[in-house]
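Following: one structure in structure tokens, then a few remarks.
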2 protein chains.
Amino acid sequence: MTRSDRKPIIKNEEKLLENAVSPKDRKARELALRALAKALEASDPRGIVYSKVSVDDSTLRIGDLKLDLSKFRNLYVIGGGKASGAMAEALERVLGERITGGIVNVPKGTEELYCTNRIVLHGASHPVPDEDGVSGTRKMLELAEKAGEEDLIICLISGGGSSLMPQPRNGVSLEDKKEITNDLLRCGATINEINAVRKHISDFKGGWLAKRAYPATVVSLLLSDVVGDPLDVIASGPTVPDTSTFNDAISILKKYQIWEKAPESIKRLLLDGLKGIEPETPKEGDEAFKKVRNLVIGSNRIACMAAKEELARNGLNTLFLTSYMEGEAREIGTFLGSIIREILHSGNPLSTPCAVILGGETTVTVIGNGKGGRNQELALAASLKIRGVEGGVLASVNTDGVDGPTDAAGAIVDGSTITRAEKAGLDPIRYLMNNDSYSFFSELGDLIMTGPTGTNVTDITVLVVV
Amino acid sequence: MTRSDRKPIIKNEEKLLENAVSPKDRKARELALRALAKALEASDPRGIVYSKVSVDDSTLRIGDLKLDLSKFRNLYVIGGGKASGAMAEALERVLGERITGGIVNVPKGTEELYCTNRIVLHGASHPVPDEDGVSGTRKMLELAEKAGEEDLIICLISGGGSSLMPQPRNGVSLEDKKEITNDLLRCGATINEINAVRKHISDFKGGWLAKRAYPATVVSLLLSDVVGDPLDVIASGPTVPDTSTFNDAISILKKYQIWEKAPESIKRLLLDGLKGIEPETPKEGDEAFKKVRNLVIGSNRIACMAAKEELARNGLNTLFLTSYMEGEAREIGTFLGSIIREILHSGNPLSTPCAVILGGETTVTVIGNGKGGRNQELALAASLKIRGVEGGVLASVNTDGVDGPTDAAGAIVDGSTITRAEKAGLDPIRYLMNNDSYSFFSELGDLIMTGPTGTNVTDITVLVVV
């Protein structure tokens, strides 16, 4: 099945090719952009569902998983996330009337973008959760609890699912939950730490959905927006065993000195948990998980592999270096520039023509007051490092099409970027120091424009050397 | 020819192996340390000369270069640098009485460490140049100018050569030169920028030595301590065409707002140069360079390749990623940790057992008041990223054996480093935030100890996954 709207994914591809100052640079740009387009295609939520899910007679296939639908009485679809509306639409097209019903929480205002008949698309707030999110999630839990041993529940989970599917536990208000989340974000807690706390004040996250759905069969289709695809982190793992404890949650709040001022309801709940009055989140070994399959059907790694395959098909030696890329964007950009230089100098790690593919999510420590995104800043730093080379290109995008607070997905650079900038009177270092990569690439015309893609498998970076 | 003192290069290897908590980690540690030892061996100045330079009858071979010594009347040896004393000793052992004479500037107090008869080892100050450096360099220039068409000059250039071979130009005092260099260092000028200025206030750097030696034949043997081995940067390129101009030098001083307060002698010299009263540094195409061969006989890349070969010999899949590694140490460490994770998760970029080798020189932005070095800090950041994995090791050293202001060459980490630290009551994040990697690894016993190696081809990092 293919979509009818076959518009180019990278809208300004022609312009980006015209910016090349040599045929080699043009060729490298073309290959890099084509690879990124393939990566974006492979992370499109509808496309993923169409390519992974099929039904033949009564056999439902999802990747390698096979299920005999005739054995199930009802098939419910629940879930939430920024891409889950598109996933729901595609799933309905594949399964049609086999779906009994269901509800999926999507960002408010996007309900109308997708066409579903059996699955209700319920608008909820993102990234700050609201009561609509709570009411939708409650309906999911009701469905899950109603479902019995002969029922199948398919969960469609994607990035943003955590805030779109809020379900504060026992006495904790949504306001309390928001307050503690904000405090944790502010003081620089890691996503794992934030999740350990969130899971212990939720009735849905941290495996609770799976526990409540038991003994129904649960298949979670996950579109991962988290580096490394840790199942328990994507949307805070509603169908995944939790590894953290009440004790961890309390320690984390104490570590960041949030404990004292935390809402009373949360302190009481966590202390009750510590005493064993409140039950722990479901853990590995819980029988509920025997009925659960968690399948990552879209992820940064899958997108990277699509880019790699496209580049290999074009005759390049390819290397997929990591999908766990993390660190300060400008430092990683400098480092990646160094790989291009080495390839050109010594043919290591690959001989030309070749490409290196990376995925992940870098960070930007804002020191200036310019406009930019992590992919653009990474590219700017790399351009300084590869100044003067020929046939070496780096292109980097956020797969959601929106890099930082800009309308660009990312940027593309080559060995002539800095020279072109200087000719245009731009001081690259000044733009970098001011976190103003967007203005820099805007002037050069080297922003990569896709528009919002409706998906998010974090960032993809491609180096091409021809 | 081999050295008689075959002591282990990594002195505490046994202890580092004992620190492994699993056989897999021990195996990975062993492979990584063995590779680093090979890299250090390949950057030993004496070892390099012995392996690259040989004489057979009257044929002198230096790598691929062949020279008929019978065609030369005199063979002079000049040069300078931290490793040039050891290079001179080795060269005398190979060439013996074929050497007419020469002078090599070495760090004060190290003259006695090397045994030479024909080449005078002349002590000079490093890293701050002094008049002894000037007088030694003047003797080199006298030799070079005395040498005629039938003479051969071998230059032994290594890291530190810039400050060990000072020769301020026309009216500029050594004090003036030091002042401007310090100002440039303080305001964060790049090494290329500093060199552009230094070359234009020197009678030796920036190709001047080659120009003065003309029409003698000049062979420069370079032990590179600069990322990427740019010939004109190593010791400020005394035998290499200069690409910078008087105009560049002035622009750089203005860019960093040093111009106004620069010593009068320097301003006058640079302005005279701009007017054409003072001659430009020798440029590409100058006939003097037709008689010059610059040969990099030791470098980070050569050391990386030695590590790679050792690992391949041990049956590992290997990847030499870059010898241009640059960037903030902790960010690069995080990034390299991400490669280990990807290897373990998906077998990309290599399937196990495998190794990734990198070289270069990261930087540390000091924010705390602890003790550490860039290799130790890189390793500490990586250990946080690979927490919990098994069979994945990162080891990183400064090839000169001295990482930062410490007595360690670097450090080694694996998936259990953080657990071991926490058990010992150490908070890794706190040590990282305080730039206190030395204390951290000192407590754990995971510092790599070599003692000063007498060479410097910057840093080598090895990742091993078994």
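Going through the structure tokens in order, the chains are called A, B, and so on, while each chain numbers its residues from 1 and the ligands are numbered from 1 in the order shown.
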Contact residues around Gly410 of chain A with only C-alpha atoms at 8 Å, ignoring same-chain residues under 6 positions, as a VMD selection string:
chain A and resid 373 375 to 376 395 to 398 401 to 403 447 to 449
Preceding selection exported with C-alpha atoms as a compact mmCIF listing (two decimals), in the first residue's frame:
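Generated output (out-v8.txt):
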```txt
# COMPACT_ATOMS: atom_id res chain seq x y z
CA GLY A 373 18.30 23.81 16.59
CA ASN A 375 20.95 19.64 14.09
CA GLN A 376 21.73 23.05 12.65
CA ALA A 395 23.49 16.64 6.66
CA SER A 396 21.52 16.37 9.87
CA VAL A 397 17.79 16.52 10.59
CA ASN A 398 15.27 16.09 13.31
CA GLY A 401 10.83 18.13 10.70
CA VAL A 402 11.17 20.76 13.39
CA ASP A 403 14.69 21.37 14.68
CA LEU A 447 18.43 24.78 5.78
CA ILE A 448 16.73 21.44 5.11
CA MET A 449 12.98 22.05 4.87
```
Chain B residues near chain A within 6 Å, closest pair each, using only C-alpha atoms, as a Markdown table:
```
| residue | atom | partner | partner_atom | distance |
| --- | --- | --- | --- | --- |
| B:Leu319 | CA | A:Pro349 | CA | 5.7 |
| B:Phe320 | CA | A:Pro349 | CA | 5.2 |
| B:Leu321 | CA | A:Pro349 | CA | 4.9 |
| B:Thr322 | CA | A:Glu342 | CA | 5.3 |
| B:Tyr324 | CA | A:Ser338 | CA | 5.0 |
| B:Met325 | CA | A:Phe335 | CA | 5.8 |
| B:Glu326 | CA | A:Phe335 | CA | 5.8 |
| B:Gly327 | CA | A:Glu331 | CA | 4.9 |
| B:Glu331 | CA | A:Gly327 | CA | 5.0 |
| B:Phe335 | CA | A:Glu326 | CA | 5.8 |
| B:Ser338 | CA | A:Tyr324 | CA | 5.0 |
| B:Ile339 | CA | A:Thr322 | CA | 5.3 |
| B:Glu342 | CA | A:Thr322 | CA | 5.3 |
| B:Asn348 | CA | A:Phe320 | CA | 5.8 |
| B:Pro349 | CA | A:Leu321 | CA | 4.9 |
```
Print the selection's residues with all heavy atoms to a file, as a short mmCIF file (atom, residue, chain, number, x, y, z; two decimals), in the first residue's frame.
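again-v8.cif, freshly written:
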```
data_model
loop_
_atom_site.label_atom_id
_atom_site.label_comp_id
_atom_site.auth_asym_id
_atom_site.auth_seq_id
_atom_site.Cartn_x
_atom_site.Cartn_y
_atom_site.Cartn_z
N LEU B 319 38.22 -0.91 13.37
CA LEU B 319 37.81 0.29 12.65
C LEU B 319 38.65 1.44 13.19
O LEU B 319 38.63 1.73 14.38
CB LEU B 319 36.33 0.54 12.96
CG LEU B 319 35.58 1.54 12.12
CD1 LEU B 319 35.41 1.01 10.71
CD2 LEU B 319 34.20 1.76 12.74
N PHE B 320 39.40 2.07 12.31
CA PHE B 320 40.16 3.26 12.69
C PHE B 320 39.31 4.45 12.27
O PHE B 320 39.16 4.72 11.09
CB PHE B 320 41.52 3.25 12.02
CG PHE B 320 42.27 4.54 12.10
CD1 PHE B 320 42.17 5.37 13.20
CD2 PHE B 320 43.10 4.94 11.06
CE1 PHE B 320 42.87 6.57 13.26
CE2 PHE B 320 43.79 6.13 11.11
CZ PHE B 320 43.67 6.95 12.20
N LEU B 321 38.74 5.13 13.25
CA LEU B 321 37.68 6.09 12.94
C LEU B 321 38.24 7.46 12.56
O LEU B 321 37.78 8.08 11.60
CB LEU B 321 36.76 6.22 14.16
CG LEU B 321 35.36 6.75 13.88
CD1 LEU B 321 34.69 6.01 12.74
CD2 LEU B 321 34.51 6.62 15.14
N THR B 322 39.20 7.95 13.30
CA THR B 322 39.75 9.27 12.96
C THR B 322 41.01 9.53 13.76
O THR B 322 41.18 9.00 14.86
CB THR B 322 38.73 10.40 13.24
OG1 THR B 322 39.28 11.66 12.80
CG2 THR B 322 38.38 10.50 14.71
N TYR B 324 41.75 12.82 13.85
CA TYR B 324 41.49 14.25 13.96
C TYR B 324 40.56 14.56 15.14
O TYR B 324 39.94 15.60 15.19
CB TYR B 324 40.80 14.78 12.70
CG TYR B 324 41.64 14.82 11.45
CD1 TYR B 324 41.72 13.72 10.62
CD2 TYR B 324 42.32 15.97 11.10
CE1 TYR B 324 42.45 13.76 9.44
CE2 TYR B 324 43.06 16.03 9.93
CZ TYR B 324 43.11 14.93 9.10
OH TYR B 324 43.84 14.99 7.94
N MET B 325 40.42 13.60 16.05
CA MET B 325 39.49 13.77 17.16
C MET B 325 39.72 15.09 17.90
O MET B 325 40.83 15.37 18.34
CB MET B 325 39.64 12.59 18.13
CG MET B 325 38.68 12.61 19.29
SD MET B 325 38.61 11.01 20.12
CE MET B 325 40.25 10.90 20.86
N GLU B 326 38.68 15.87 17.99
CA GLU B 326 38.73 17.13 18.72
C GLU B 326 37.39 17.34 19.40
O GLU B 326 36.42 16.69 19.07
CB GLU B 326 38.98 18.30 17.77
CG GLU B 326 40.42 18.50 17.39
CD GLU B 326 40.61 19.74 16.53
OE1 GLU B 326 39.61 20.39 16.17
OE2 GLU B 326 41.76 20.05 16.22
N GLY B 327 37.34 18.29 20.31
CA GLY B 327 36.07 18.60 20.97
C GLY B 327 36.21 18.46 22.47
O GLY B 327 37.26 18.02 22.98
N GLU B 331 32.13 15.33 26.22
CA GLU B 331 31.12 15.12 25.18
C GLU B 331 31.56 14.01 24.24
O GLU B 331 30.76 13.16 23.83
CB GLU B 331 30.88 16.41 24.39
CG GLU B 331 30.54 17.62 25.25
CD GLU B 331 29.23 17.46 26.00
OE1 GLU B 331 28.36 16.71 25.52
OE2 GLU B 331 29.08 18.07 27.08
N PHE B 335 29.88 10.35 23.51
CA PHE B 335 29.66 9.87 22.15
C PHE B 335 30.31 8.51 21.93
O PHE B 335 29.70 7.60 21.37
CB PHE B 335 30.23 10.89 21.15
CG PHE B 335 30.04 10.48 19.74
CD1 PHE B 335 28.85 10.74 19.09
CD2 PHE B 335 31.04 9.81 19.05
CE1 PHE B 335 28.65 10.33 17.78
CE2 PHE B 335 30.85 9.40 17.75
CZ PHE B 335 29.67 9.67 17.11
N SER B 338 28.48 5.76 23.29
CA SER B 338 27.30 5.41 22.48
C SER B 338 27.67 4.42 21.38
O SER B 338 26.82 3.63 20.96
CB SER B 338 26.68 6.68 21.88
OG SER B 338 27.31 7.06 20.69
N ILE B 339 28.91 4.46 20.93
CA ILE B 339 29.32 3.48 19.91
C ILE B 339 29.40 2.09 20.54
O ILE B 339 28.95 1.10 19.95
CB ILE B 339 30.67 3.88 19.28
CG1 ILE B 339 30.53 5.24 18.57
CG2 ILE B 339 31.16 2.81 18.30
CD1 ILE B 339 31.78 5.71 17.86
N GLU B 342 25.92 0.73 20.79
CA GLU B 342 25.36 0.30 19.51
C GLU B 342 25.96 -1.03 19.08
O GLU B 342 25.23 -1.91 18.59
CB GLU B 342 25.61 1.37 18.44
CG GLU B 342 24.88 1.10 17.12
CD GLU B 342 23.36 1.17 17.27
OE1 GLU B 342 22.86 2.09 17.94
OE2 GLU B 342 22.67 0.28 16.72
N ASN B 348 26.46 -2.94 14.98
CA ASN B 348 26.95 -1.85 14.14
C ASN B 348 27.84 -0.94 14.96
O ASN B 348 27.55 -0.72 16.12
CB ASN B 348 25.77 -1.02 13.60
CG ASN B 348 25.09 -1.69 12.43
OD1 ASN B 348 25.68 -1.84 11.40
ND2 ASN B 348 23.84 -2.10 12.64
N PRO B 349 28.85 -0.37 14.41
CA PRO B 349 29.37 -0.52 13.06
C PRO B 349 30.13 -1.83 12.82
O PRO B 349 30.39 -2.14 11.68
CB PRO B 349 30.32 0.67 12.92
CG PRO B 349 30.78 0.93 14.31
CD PRO B 349 29.59 0.63 15.18
#
```
If you run DSSP over the backbone, which residues in segment 216-374 of chain A end up strand (DSSP E)? Put them as a PyMOL selection string.
chain A and resi 217-223+292-298+317-325+354-360
Export of the given selection (C-alpha atoms) as a PDB file, in the first residue's frame:
```pdb
ATOM      1  CA  THR A 217      -3.488 -10.524  25.150  1.00  0.00           C
ATOM      2  CA  VAL A 218      -1.680  -7.241  24.632  1.00  0.00           C
ATOM      3  CA  VAL A 219       0.449  -6.273  21.633  1.00  0.00           C
ATOM      4  CA  SER A 220       2.127  -2.890  21.913  1.00  0.00           C
ATOM      5  CA  LEU A 221       3.349  -1.304  18.732  1.00  0.00           C
ATOM      6  CA  LEU A 222       5.954   1.231  19.684  1.00  0.00           C
ATOM      7  CA  LEU A 223       7.240   4.088  17.613  1.00  0.00           C
ATOM      8  CA  VAL A 292       2.262  -8.951  26.458  1.00  0.00           C
ATOM      9  CA  ARG A 293       4.382  -8.397  23.358  1.00  0.00           C
ATOM     10  CA  ASN A 294       6.173  -5.091  22.937  1.00  0.00           C
ATOM     11  CA  LEU A 295       7.261  -4.486  19.354  1.00  0.00           C
ATOM     12  CA  VAL A 296       9.329  -1.519  18.278  1.00  0.00           C
ATOM     13  CA  ILE A 297       8.071  -0.951  14.725  1.00  0.00           C
ATOM     14  CA  GLY A 298       9.622   2.432  14.173  1.00  0.00           C
ATOM     15  CA  ASN A 317      30.637   1.930   1.397  1.00  0.00           C
ATOM     16  CA  THR A 318      28.543   2.505   4.459  1.00  0.00           C
ATOM     17  CA  LEU A 319      28.974   2.497   8.187  1.00  0.00           C
ATOM     18  CA  PHE A 320      26.159   2.818  10.701  1.00  0.00           C
ATOM     19  CA  LEU A 321      28.035   4.162  13.668  1.00  0.00           C
ATOM     20  CA  THR A 322      25.465   4.565  16.420  1.00  0.00           C
ATOM     21  CA  SER A 323      21.848   5.323  17.184  1.00  0.00           C
ATOM     22  CA  TYR A 324      22.776   6.383  20.703  1.00  0.00           C
ATOM     23  CA  MET A 325      24.383   9.675  19.674  1.00  0.00           C
ATOM     24  CA  CYS A 354      31.351   6.246   1.404  1.00  0.00           C
ATOM     25  CA  ALA A 355      28.879   7.306   4.043  1.00  0.00           C
ATOM     26  CA  VAL A 356      28.623   7.225   7.806  1.00  0.00           C
ATOM     27  CA  ILE A 357      25.158   7.206   9.365  1.00  0.00           C
ATOM     28  CA  LEU A 358      24.368   8.196  12.932  1.00  0.00           C
ATOM     29  CA  GLY A 359      21.253   8.676  14.955  1.00  0.00           C
ATOM     30  CA  GLY A 360      20.333   9.943  18.360  1.00  0.00           C
TER      31      GLY A 360
END
```
Near segment 367-370 of chain B, counting only C-alpha atoms, which residues have an atom at most 6 Å away, once you skip same-chain residues fewer than 5 positions from it, shown as an mmCIF file with N, CA, C and O atoms, in the first residue's frame?
```
data_model
loop_
_atom_site.group_PDB
_atom_site.id
_atom_site.type_symbol
_atom_site.label_atom_id
_atom_site.label_comp_id
_atom_site.auth_asym_id
_atom_site.auth_seq_id
_atom_site.Cartn_x
_atom_site.Cartn_y
_atom_site.Cartn_z
ATOM 1 N N ASN B 434 33.376 18.325 38.801
ATOM 2 C CA ASN B 434 34.488 19.026 39.445
ATOM 3 C C ASN B 434 35.811 18.840 38.678
ATOM 4 O O ASN B 434 36.863 19.179 39.182
ATOM 5 N N ASN B 435 35.735 18.296 37.457
ATOM 6 C CA ASN B 435 36.954 18.008 36.672
ATOM 7 C C ASN B 435 37.952 17.224 37.511
ATOM 8 O O ASN B 435 39.154 17.481 37.464
ATOM 9 N N ASP B 436 37.428 16.261 38.271
ATOM 10 C CA ASP B 436 38.271 15.554 39.235
ATOM 11 C C ASP B 436 38.442 14.089 38.840
ATOM 12 O O ASP B 436 38.446 13.197 39.675
#
```
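Computed from the coordinates, the atom CA of Ile154 of chain B to atom CA of Asp57 of chain B distance equals 18.4 Å.
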Got a sec: who's within 7 Å of Thr239 of chain B, counting only C-alpha atoms, leaving out chain neighbours fewer than 4 positions off, as a list in words?
Gly207, Trp208, Leu209 and Ala210 of chain B
Restricting it to N, CA, C and O atoms, dump the selection as a compact mmCIF listing (two decimals), in the first residue's frame.
```txt
# COMPACT_ATOMS: atom_id res chain seq x y z
N GLY B 207 58.98 28.21 6.86
CA GLY B 207 59.73 27.97 5.63
C GLY B 207 61.08 28.67 5.56
O GLY B 207 61.88 28.41 4.64
N TRP B 208 61.37 29.53 6.52
CA TRP B 208 62.62 30.30 6.44
C TRP B 208 63.87 29.42 6.52
O TRP B 208 64.87 29.69 5.87
N LEU B 209 63.81 28.37 7.33
CA LEU B 209 64.97 27.48 7.42
C LEU B 209 65.29 26.90 6.04
O LEU B 209 66.44 26.89 5.59
N ALA B 210 64.26 26.42 5.35
CA ALA B 210 64.45 25.83 4.01
C ALA B 210 65.04 26.88 3.07
O ALA B 210 65.97 26.60 2.30
```
Between atom CA of Lys24 of chain B and atom CA of Arg420 of chain B, what is the distance in Å, rounded to a tenth?
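Calculated distance between atom CA of Lys24 of chain B and atom CA of Arg420 of chain B is 16.1 Å.
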Counting only C-alpha atoms, the residue of B:Phe72, B:Tyr431, B:Phe289, B:Tyr114 that sits nearest Val240 of chain B
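For Val240 of chain B, the nearest of the candidates is B:Phe289.
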If we count only C-alpha atoms, what is near Val53 of chain A at a cut-off of 9 Å, once residues fewer than 2 positions away on the same chain are taken out, given as a ChimeraX atom specification?
/A:48-51,55,60-63,91,94-95
Name the residues in contact with Gly454 of chain B at a cut-off of 10 Å, using only C-alpha atoms, excluding same-chain residues fewer than 3 positions from it; report them as a PyMOL selection string.
chain B and resi 43-46+82-86+399-402+451
Preceding selection exported with all heavy atoms as a short mmCIF file (atom, residue, chain, number, x, y, z; two decimals), in the first residue's frame:
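The resulting part.cif:
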```cif
data_model
loop_
_atom_site.label_atom_id
_atom_site.label_comp_id
_atom_site.auth_asym_id
_atom_site.auth_seq_id
_atom_site.Cartn_x
_atom_site.Cartn_y
_atom_site.Cartn_z
N SER B 43 55.25 5.07 18.72
CA SER B 43 55.51 6.50 18.75
C SER B 43 56.79 6.82 19.53
O SER B 43 57.10 7.98 19.76
CB SER B 43 54.30 7.26 19.32
OG SER B 43 53.63 6.54 20.30
N ASP B 44 57.53 5.79 19.88
CA ASP B 44 58.81 6.00 20.56
C ASP B 44 59.82 6.56 19.57
O ASP B 44 60.08 5.97 18.52
CB ASP B 44 59.30 4.67 21.14
CG ASP B 44 60.67 4.80 21.73
OD1 ASP B 44 60.80 5.43 22.80
OD2 ASP B 44 61.64 4.32 21.10
N PRO B 45 60.42 7.72 19.88
CA PRO B 45 61.27 8.39 18.88
C PRO B 45 62.45 7.54 18.41
O PRO B 45 62.75 7.49 17.23
CB PRO B 45 61.78 9.64 19.62
CG PRO B 45 61.07 9.70 20.91
CD PRO B 45 60.29 8.46 21.12
N ARG B 46 63.11 6.87 19.34
CA ARG B 46 64.24 6.02 18.93
C ARG B 46 63.73 4.88 18.04
O ARG B 46 64.26 4.63 16.96
CB ARG B 46 64.93 5.41 20.14
CG ARG B 46 65.76 6.38 20.97
CD ARG B 46 66.55 5.58 22.01
NE ARG B 46 67.24 6.43 22.97
CZ ARG B 46 66.69 6.94 24.07
NH1 ARG B 46 65.42 6.68 24.36
NH2 ARG B 46 67.40 7.68 24.88
N LYS B 82 60.87 18.12 21.77
CA LYS B 82 60.98 17.32 22.99
C LYS B 82 61.52 15.92 22.71
O LYS B 82 62.15 15.32 23.56
CB LYS B 82 59.62 17.25 23.69
CG LYS B 82 59.25 18.56 24.38
CD LYS B 82 57.93 18.43 25.12
CE LYS B 82 56.77 18.57 24.16
NZ LYS B 82 55.47 18.37 24.83
N ALA B 83 61.24 15.40 21.51
CA ALA B 83 61.69 14.05 21.19
C ALA B 83 62.94 14.06 20.32
O ALA B 83 63.45 13.00 19.94
CB ALA B 83 60.57 13.29 20.48
N SER B 84 63.46 15.25 20.00
CA SER B 84 64.54 15.33 19.02
C SER B 84 65.88 14.84 19.56
O SER B 84 66.74 14.40 18.79
CB SER B 84 64.65 16.76 18.47
OG SER B 84 63.45 17.09 17.79
N GLY B 85 66.07 14.88 20.88
CA GLY B 85 67.28 14.34 21.48
C GLY B 85 67.37 12.84 21.24
O GLY B 85 68.41 12.31 20.79
N ALA B 86 66.27 12.16 21.51
CA ALA B 86 66.23 10.71 21.31
C ALA B 86 66.37 10.38 19.82
O ALA B 86 67.04 9.41 19.45
CB ALA B 86 64.92 10.14 21.86
N THR B 399 49.87 10.01 24.65
CA THR B 399 51.07 9.22 24.33
C THR B 399 52.33 9.73 25.01
O THR B 399 53.32 9.02 25.06
CB THR B 399 51.32 9.21 22.80
OG1 THR B 399 51.33 10.55 22.32
CG2 THR B 399 50.26 8.40 22.09
N ASP B 400 52.29 10.96 25.53
CA ASP B 400 53.49 11.41 26.25
C ASP B 400 53.51 10.89 27.68
O ASP B 400 54.44 11.15 28.42
CB ASP B 400 53.67 12.94 26.17
CG ASP B 400 52.71 13.71 27.06
OD1 ASP B 400 51.89 13.08 27.77
OD2 ASP B 400 52.76 14.95 27.05
N GLY B 401 52.46 10.16 28.07
CA GLY B 401 52.45 9.52 29.39
C GLY B 401 51.98 10.43 30.50
O GLY B 401 51.89 10.02 31.65
N VAL B 402 51.70 11.68 30.15
CA VAL B 402 51.31 12.66 31.16
C VAL B 402 50.01 13.33 30.72
O VAL B 402 50.00 14.20 29.86
CB VAL B 402 52.41 13.73 31.36
CG1 VAL B 402 52.01 14.72 32.43
CG2 VAL B 402 53.74 13.06 31.70
N GLY B 451 54.45 6.46 33.04
CA GLY B 451 55.57 7.39 33.23
C GLY B 451 55.75 8.18 31.94
O GLY B 451 55.19 7.82 30.91
#
```
Name the residues in contact with Trp259 of chain A at a cut-off of 12 Å, using only C-alpha atoms, excluding same-chain residues fewer than 2 positions from it; report them as a list in words.
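Near neighbours after the sequence-gap exclusion: Ile180, Asp183, Leu184, Val197, Ala249, Ile250, Ser251, Ile252, Leu253, Lys254, Lys255, Tyr256, Gln257, Lys261, Ala262, Pro263, Glu264, Ser265, Ile266, Lys267, Arg268, Leu270 and Leu271 of chain A.
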